[in-house]
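Peer 1: Below is the file coords_28.cif, which contains mmCIF, C-alpha atoms.
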```
data_query
#
loop_
_atom_site.group_PDB
_atom_site.id
_atom_site.type_symbol
_atom_site.label_atom_id
_atom_site.label_comp_id
_atom_site.auth_asym_id
_atom_site.auth_seq_id
_atom_site.Cartn_x
_atom_site.Cartn_y
_atom_site.Cartn_z
ATOM 1 C CA MET Y 43 126.168 1.356 21.184
ATOM 2 C CA LYS Y 44 129.892 0.981 21.799
ATOM 3 C CA LYS Y 45 129.935 4.197 23.821
ATOM 4 C CA LEU Y 46 127.072 3.029 26.056
ATOM 5 C CA LEU Y 47 128.984 -0.129 26.967
ATOM 6 C CA GLU Y 48 132.004 1.839 28.163
ATOM 7 C CA ASP Y 49 132.533 2.344 31.901
ATOM 8 C CA ILE Y 50 129.476 0.429 33.088
ATOM 9 C CA ASP Y 51 129.320 -1.797 36.158
ATOM 10 C CA ALA Y 52 125.822 -3.217 35.615
ATOM 11 C CA VAL Y 53 123.266 -3.943 32.912
ATOM 12 C CA ILE Y 54 119.595 -3.975 33.935
ATOM 13 C CA PHE Y 55 116.958 -5.531 31.701
ATOM 14 C CA ASP Y 56 113.264 -5.030 31.524
ATOM 15 C CA LEU Y 57 111.733 -8.479 30.937
ATOM 16 C CA ASP Y 58 108.765 -8.508 28.552
ATOM 17 C CA GLY Y 59 109.672 -7.173 25.128
ATOM 18 C CA SER Y 60 113.286 -6.505 26.109
ATOM 19 C CA LEU Y 61 114.782 -9.756 27.404
ATOM 20 C CA VAL Y 62 112.046 -12.098 26.153
ATOM 21 C CA ASP Y 63 109.737 -11.764 23.154
ATOM 22 C CA SER Y 64 106.465 -11.820 25.066
ATOM 23 C CA MET Y 65 104.569 -8.541 24.813
ATOM 24 C CA TRP Y 66 102.155 -9.985 22.261
ATOM 25 C CA LEU Y 67 100.768 -12.571 24.672
ATOM 26 C CA TRP Y 68 99.443 -10.071 27.203
ATOM 27 C CA LYS Y 69 97.019 -8.592 24.700
ATOM 28 C CA ASP Y 70 95.750 -12.117 23.995
ATOM 29 C CA ILE Y 71 95.375 -12.749 27.731
ATOM 30 C CA ASP Y 72 93.542 -9.450 28.299
ATOM 31 C CA ILE Y 73 91.072 -10.266 25.515
ATOM 32 C CA ALA Y 74 90.445 -13.779 26.853
ATOM 33 C CA TYR Y 75 90.256 -12.683 30.498
ATOM 34 C CA LEU Y 76 87.770 -9.866 29.931
ATOM 35 C CA GLY Y 77 85.803 -12.184 27.658
ATOM 36 C CA ARG Y 78 85.117 -14.384 30.690
ATOM 37 C CA PHE Y 79 83.027 -11.520 32.050
ATOM 38 C CA GLY Y 80 81.394 -10.651 28.740
ATOM 39 C CA ILE Y 81 83.558 -7.546 28.347
ATOM 40 C CA ARG Y 82 85.091 -6.478 25.031
ATOM 41 C CA MET Y 83 88.663 -5.242 25.453
ATOM 42 C CA PRO Y 84 88.939 -1.480 24.809
ATOM 43 C CA GLU Y 85 91.328 -0.635 21.976
ATOM 44 C CA ASP Y 86 93.333 1.713 24.199
ATOM 45 C CA LEU Y 87 93.698 -0.703 27.124
ATOM 46 C CA GLN Y 88 97.330 -1.582 26.452
ATOM 47 C CA SER Y 89 98.393 2.057 26.423
ATOM 48 C CA LYS Y 90 96.456 2.686 29.654
ATOM 49 C CA ILE Y 91 98.230 -0.066 31.616
ATOM 50 C CA GLU Y 92 101.665 0.166 30.002
ATOM 51 C CA GLY Y 93 104.381 0.231 32.668
ATOM 52 C CA MET Y 94 102.056 -0.592 35.569
ATOM 53 C CA SER Y 95 103.102 -3.243 38.064
ATOM 54 C CA PHE Y 96 101.202 -6.538 38.199
ATOM 55 C CA LEU Y 97 99.281 -5.318 41.254
ATOM 56 C CA GLU Y 98 98.575 -1.878 39.784
ATOM 57 C CA THR Y 99 97.194 -3.548 36.659
ATOM 58 C CA ALA Y 100 94.962 -5.834 38.727
ATOM 59 C CA VAL Y 101 93.619 -2.813 40.620
ATOM 60 C CA TYR Y 102 92.966 -1.024 37.328
ATOM 61 C CA PHE Y 103 91.054 -4.021 35.937
ATOM 62 C CA LYS Y 104 89.002 -4.495 39.093
ATOM 63 C CA GLU Y 105 88.013 -0.836 39.328
ATOM 64 C CA THR Y 106 87.595 -0.092 35.617
ATOM 65 C CA PHE Y 107 85.746 -3.241 34.594
ATOM 66 C CA GLN Y 108 84.072 -3.959 37.950
ATOM 67 C CA ILE Y 109 85.626 -7.425 38.165
ATOM 68 C CA PRO Y 110 83.989 -9.272 41.097
ATOM 69 C CA ASP Y 111 87.035 -11.404 41.942
ATOM 70 C CA SER Y 112 89.635 -10.410 44.529
ATOM 71 C CA LEU Y 113 92.945 -8.887 43.463
ATOM 72 C CA GLU Y 114 94.659 -12.115 44.530
ATOM 73 C CA GLN Y 115 92.331 -14.179 42.321
ATOM 74 C CA ILE Y 116 92.790 -11.844 39.349
ATOM 75 C CA ARG Y 117 96.563 -12.146 39.564
ATOM 76 C CA ALA Y 118 96.406 -15.913 40.081
ATOM 77 C CA ASP Y 119 94.233 -16.270 36.974
ATOM 78 C CA TRP Y 120 96.647 -14.169 34.910
ATOM 79 C CA ASN Y 121 99.634 -16.193 36.124
ATOM 80 C CA LYS Y 122 97.875 -19.411 35.167
ATOM 81 C CA MET Y 123 96.870 -18.094 31.739
ATOM 82 C CA ALA Y 124 100.357 -16.756 31.010
ATOM 83 C CA TRP Y 125 102.521 -19.592 32.292
ATOM 84 C CA ASP Y 126 101.757 -22.135 29.578
ATOM 85 C CA LYS Y 127 102.485 -19.557 26.886
ATOM 86 C CA TYR Y 128 105.751 -18.502 28.549
ATOM 87 C CA LEU Y 129 106.755 -22.149 28.810
ATOM 88 C CA LYS Y 130 106.038 -23.069 25.179
ATOM 89 C CA GLU Y 131 105.764 -19.949 23.040
ATOM 90 C CA VAL Y 132 108.075 -17.225 24.386
ATOM 91 C CA PRO Y 133 111.736 -17.169 23.265
ATOM 92 C CA LEU Y 134 114.553 -14.968 24.474
ATOM 93 C CA LYS Y 135 115.339 -12.004 22.277
ATOM 94 C CA LYS Y 136 117.876 -12.803 19.578
ATOM 95 C CA GLY Y 137 121.486 -12.686 20.803
ATOM 96 C CA VAL Y 138 120.647 -12.501 24.516
ATOM 97 C CA TYR Y 139 122.754 -15.467 25.655
ATOM 98 C CA GLU Y 140 125.841 -14.203 23.827
ATOM 99 C CA PHE Y 141 125.407 -10.760 25.335
ATOM 100 C CA LEU Y 142 124.968 -12.170 28.850
ATOM 101 C CA LEU Y 143 128.121 -14.241 28.450
ATOM 102 C CA GLY Y 144 129.971 -11.114 27.323
ATOM 103 C CA CYS Y 145 128.804 -9.284 30.441
ATOM 104 C CA ARG Y 146 129.944 -12.143 32.657
ATOM 105 C CA GLU Y 147 133.377 -12.263 31.005
ATOM 106 C CA ARG Y 148 133.802 -8.531 31.640
ATOM 107 C CA GLY Y 149 132.608 -8.615 35.239
ATOM 108 C CA VAL Y 150 129.451 -6.623 34.511
ATOM 109 C CA SER Y 151 126.670 -7.305 37.029
ATOM 110 C CA LEU Y 152 123.196 -8.141 35.715
ATOM 111 C CA GLY Y 153 119.713 -7.360 36.980
ATOM 112 C CA ILE Y 154 116.075 -7.577 35.915
ATOM 113 C CA ALA Y 155 113.493 -4.848 36.576
ATOM 114 C CA THR Y 156 110.067 -6.036 35.480
ATOM 115 C CA SER Y 157 106.422 -5.062 35.880
ATOM 116 C CA ASN Y 158 105.525 -8.753 35.661
ATOM 117 C CA SER Y 159 104.713 -10.983 38.634
ATOM 118 C CA ARG Y 160 107.369 -12.591 40.826
ATOM 119 C CA GLU Y 161 105.988 -16.053 40.047
ATOM 120 C CA LEU Y 162 106.261 -15.596 36.279
ATOM 121 C CA VAL Y 163 109.687 -13.952 36.222
ATOM 122 C CA GLU Y 164 111.139 -16.694 38.433
ATOM 123 C CA ASN Y 165 109.636 -19.381 36.205
ATOM 124 C CA ILE Y 166 110.911 -17.667 33.054
ATOM 125 C CA ALA Y 167 114.394 -17.436 34.544
ATOM 126 C CA GLU Y 168 114.280 -21.145 35.343
ATOM 127 C CA VAL Y 169 113.050 -22.192 31.884
ATOM 128 C CA HIS Y 170 115.810 -20.240 30.144
ATOM 129 C CA ASN Y 171 118.533 -21.002 32.732
ATOM 130 C CA LEU Y 172 118.988 -17.337 33.633
ATOM 131 C CA HIS Y 173 119.309 -17.513 37.427
ATOM 132 C CA ASP Y 174 123.085 -17.986 37.301
ATOM 133 C CA TYR Y 175 123.487 -14.739 35.374
ATOM 134 C CA PHE Y 176 121.367 -12.312 37.367
ATOM 135 C CA GLY Y 177 122.376 -10.958 40.755
ATOM 136 C CA CYS Y 178 119.128 -9.093 41.407
ATOM 137 C CA ILE Y 179 115.578 -9.579 40.119
ATOM 138 C CA MET Y 180 112.922 -7.054 41.168
ATOM 139 C CA THR Y 181 109.267 -6.709 40.207
ATOM 140 C CA GLY Y 182 106.977 -3.698 40.226
ATOM 141 C CA CYS Y 183 105.312 -5.097 43.337
ATOM 142 C CA ASP Y 184 108.618 -4.749 45.211
ATOM 143 C CA VAL Y 185 108.577 -0.947 44.961
ATOM 144 C CA GLU Y 186 106.085 1.811 45.723
ATOM 145 C CA ARG Y 187 105.597 3.127 42.183
ATOM 146 C CA GLY Y 188 105.698 1.414 38.796
ATOM 147 C CA LYS Y 189 107.238 2.712 35.583
ATOM 148 C CA PRO Y 190 107.626 5.507 34.414
ATOM 149 C CA TRP Y 191 108.759 6.240 37.966
ATOM 150 C CA PRO Y 192 112.421 5.289 38.525
ATOM 151 C CA ASP Y 193 111.815 3.291 41.721
ATOM 152 C CA ILE Y 194 112.384 -0.208 40.326
ATOM 153 C CA TYR Y 195 115.600 0.677 38.503
ATOM 154 C CA LEU Y 196 117.010 2.412 41.556
ATOM 155 C CA ALA Y 197 116.070 -0.626 43.668
ATOM 156 C CA VAL Y 198 117.881 -3.025 41.321
ATOM 157 C CA ALA Y 199 120.975 -0.804 41.264
ATOM 158 C CA LYS Y 200 120.958 -0.811 45.066
ATOM 159 C CA GLY Y 201 120.529 -4.589 45.077
ATOM 160 C CA LEU Y 202 123.554 -4.943 42.813
ATOM 161 C CA ASP Y 203 125.494 -2.344 44.879
ATOM 162 C CA VAL Y 204 126.120 -0.240 41.777
ATOM 163 C CA SER Y 205 125.780 3.514 41.326
ATOM 164 C CA PRO Y 206 122.880 4.423 38.970
ATOM 165 C CA ASP Y 207 125.171 6.404 36.681
ATOM 166 C CA ARG Y 208 127.196 3.218 36.111
ATOM 167 C CA CYS Y 209 124.144 1.254 34.919
ATOM 168 C CA LEU Y 210 122.892 0.572 31.397
ATOM 169 C CA VAL Y 211 119.190 -0.223 30.955
ATOM 170 C CA PHE Y 212 117.536 -2.143 28.109
ATOM 171 C CA GLU Y 213 113.847 -1.218 27.650
ATOM 172 C CA ASP Y 214 111.211 -1.673 24.955
ATOM 173 C CA ILE Y 215 108.404 0.702 26.009
ATOM 174 C CA VAL Y 216 108.279 4.455 26.536
ATOM 175 C CA PRO Y 217 107.349 4.373 30.270
ATOM 176 C CA GLY Y 218 110.278 2.029 30.898
ATOM 177 C CA ILE Y 219 112.697 4.237 28.993
ATOM 178 C CA LEU Y 220 111.510 7.218 31.027
ATOM 179 C CA ALA Y 221 111.967 5.220 34.243
ATOM 180 C CA GLY Y 222 115.563 4.378 33.357
ATOM 181 C CA LYS Y 223 116.408 7.951 32.401
ATOM 182 C CA ARG Y 224 114.782 9.324 35.551
ATOM 183 C CA ALA Y 225 116.937 6.927 37.555
ATOM 184 C CA GLY Y 226 119.992 8.642 36.068
ATOM 185 C CA MET Y 227 120.977 5.617 33.973
ATOM 186 C CA ARG Y 228 121.972 5.164 30.368
ATOM 187 C CA VAL Y 229 119.130 3.597 28.375
ATOM 188 C CA CYS Y 230 119.138 1.585 25.176
ATOM 189 C CA ALA Y 231 115.741 1.044 23.552
ATOM 190 C CA VAL Y 232 114.971 -2.421 22.194
ATOM 191 C CA GLU Y 233 112.881 -2.973 19.074
ATOM 192 C CA ASP Y 234 109.701 -4.946 19.652
ATOM 193 C CA ALA Y 235 106.717 -5.537 17.368
ATOM 194 C CA TYR Y 236 104.314 -4.496 20.139
ATOM 195 C CA SER Y 237 105.742 -0.964 20.347
ATOM 196 C CA ILE Y 238 106.770 -0.513 16.720
ATOM 197 C CA ALA Y 239 104.478 2.539 16.396
ATOM 198 C CA ASP Y 240 106.591 4.256 19.088
ATOM 199 C CA ARG Y 241 109.916 3.562 17.368
ATOM 200 C CA GLU Y 242 110.814 7.201 16.685
ATOM 201 C CA THR Y 243 109.750 8.307 20.171
ATOM 202 C CA LYS Y 244 111.842 5.534 21.689
ATOM 203 C CA LYS Y 245 114.845 6.584 19.597
ATOM 204 C CA THR Y 246 114.425 10.182 20.724
ATOM 205 C CA LEU Y 247 114.099 9.378 24.426
ATOM 206 C CA ALA Y 248 116.787 6.685 24.673
ATOM 207 C CA ASP Y 249 120.544 6.988 24.286
ATOM 208 C CA ASP Y 250 120.621 4.288 21.600
ATOM 209 C CA TYR Y 251 118.365 1.783 19.844
ATOM 210 C CA ILE Y 252 118.937 -1.868 18.890
ATOM 211 C CA GLU Y 253 116.950 -4.416 16.896
ATOM 212 C CA ASP Y 254 118.484 -7.346 18.821
ATOM 213 C CA PHE Y 255 121.472 -8.221 21.019
ATOM 214 C CA CYS Y 256 123.609 -9.879 18.344
ATOM 215 C CA GLY Y 257 127.224 -8.750 18.204
ATOM 216 C CA LEU Y 258 126.947 -5.886 20.673
ATOM 217 C CA TRP Y 259 130.230 -6.720 22.390
ATOM 218 C CA ASP Y 260 131.884 -7.239 18.983
ATOM 219 C CA GLU Y 261 131.707 -3.482 18.468
ATOM 220 C CA GLU Y 262 134.374 -2.890 21.119
#
```
Please rewrite the model in this file as structure tokens.
Peer 2:
Amino acid sequence: MKKLLEDIDAVIFDLDGSLVDSMWLWKDIDIAYLGRFGIRMPEDLQSKIEGMSFLETAVYFKETFQIPDSLEQIRADWNKMAWDKYLKEVPLKKGVYEFLLGCRERGVSLGIATSNSRELVENIAEVHNLHDYFGCIMTGCDVERGKPWPDIYLAVAKGLDVSPDRCLVFEDIVPGILAGKRAGMRVCAVEDAYSIADRETKKTLADDYIEDFCGLWDEE
């Protein structure tokens, strides 16, 4: 990990499962949401939508499950269902604040590249007092293609005015790791219970792997 932190100008975080411990709630929301229409959630749904932007996921749901509501209504319902859980049940990953402070002390710029909605990421940043740390926050809806395409990571690097090869990405899922690597960035995989079955694949694809953010700057 020490080597990855050398000669970087920016750190870019995925949100769910990387910066905050929230991947579990989306499965719960998918089950409850589809249940409204009398639909049982397919076991492979999470793998099908992994890495998609909020809009891409809404399109997938509407077309795959023949949801009668508009895309705007689908996304509004998801935001409403998720917000209370984010407010009360979703903590930051262990050691995040200390790591962010270390980045600030060293003049390292910070960004967020998430597939989540703009409304939710802004609310999460407010709840955890993150706005002062991050110079650029982008969502999958801000770019043409979601992960595993590199678009969102390249957009955040541009927003921070940093060369991609001077960026370090933290990601918890395989499509996100691929997106960071395809953007020409260094990538550190983050352990998360949701993707524990992909641990070895994540270790192979990424440049390093961490269980949490505790003491990362102490390794200097």
Peer 1: Under the PyMOL selection byres ((chain Y and resi 131) around 12), which residues of this model are included? Write them out as a PyMOL selection string.
Peer 2: chain Y and resi 62-67+124-130+132-134+166+169
Peer 1: Do you know which residues the PyMOL selection byres ((chain Y and resi 117) around 10) returns on this file, as a count of residues only?
Peer 2: 18
Peer 1: List as an MDAnalysis selection string the protein and nucleic acid residues near region 179-186 of chain Y, meaning an atom at most 8 Å away when all atoms listed in the file are counted, but skip any in the same chain fewer than 3 places from it.
Peer 2: chainID Y and resid 94:97 153:160 176 189 193:194 197:198
Peer 1: Using all atoms listed in the file, which of Y:Asp249, Y:Asp174, Y:Ile54, Y:Phe107 sits nearest Lys200 (chain Y)?
Peer 2: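 Smallest distance to Lys200 (chain Y) is found for Y:Ile54.
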Peer 1: May I ask which of the residues Y:Ser237, Y:Asn165, Y:Gln108, Y:Ser151 is the closest one to Gln88 (chain Y), counting all atoms listed in the file?
Peer 2: Y:Ser237
Peer 1: What is the distance between CA of Asp70 (chain Y) and CA of Met83 (chain Y), in Å to one decimal?
Peer 2: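 Pair CA of Asp70 (chain Y) / CA of Met83 (chain Y) returns 10.0 Å.
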Peer 1: What is the distance between CA of Leu57 (chain Y) and CA of Asp207 (chain Y), in Å to one decimal?
Peer 2: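 Going from CA of Leu57 (chain Y) over to CA of Asp207 (chain Y) covers 20.9 Å.
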Peer 1: When you draw a straight line from CA of Asp86 (chain Y) to CA of Lys244 (chain Y), how long is it in Å?
Peer 2: 19.1 Å
Peer 1: Please write the residues picked by the PyMOL selection byres ((chain Y and resi 219-231) around 6) on this file as a ChimeraX atom specification.
Peer 2: /Y:189-192,206-207,209-214,216-218,232,248-251
Peer 1: From the options Y:Glu242, Y:Tyr236, Y:Leu142, Y:Lys44, which residue's atoms come nearest to Trp68 (chain Y), counting only C-alpha atoms?
Peer 2: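 Selected residue with least distance to Trp68 (chain Y): Y:Tyr236.
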Peer 1: To box region 221-237 of chain Y, take all atoms listed in the file, fit an axis-aligned box, add 5 Å on each side, and give centre and edge lengths in Å to one decimal, as lines of an AutoDock Vina configuration file.
Peer 2:
```
center_x = 113.1
center_y = 1.9
center_z = 27.5
size_x = 27.7
size_y = 24.9
size_z = 30.2
```
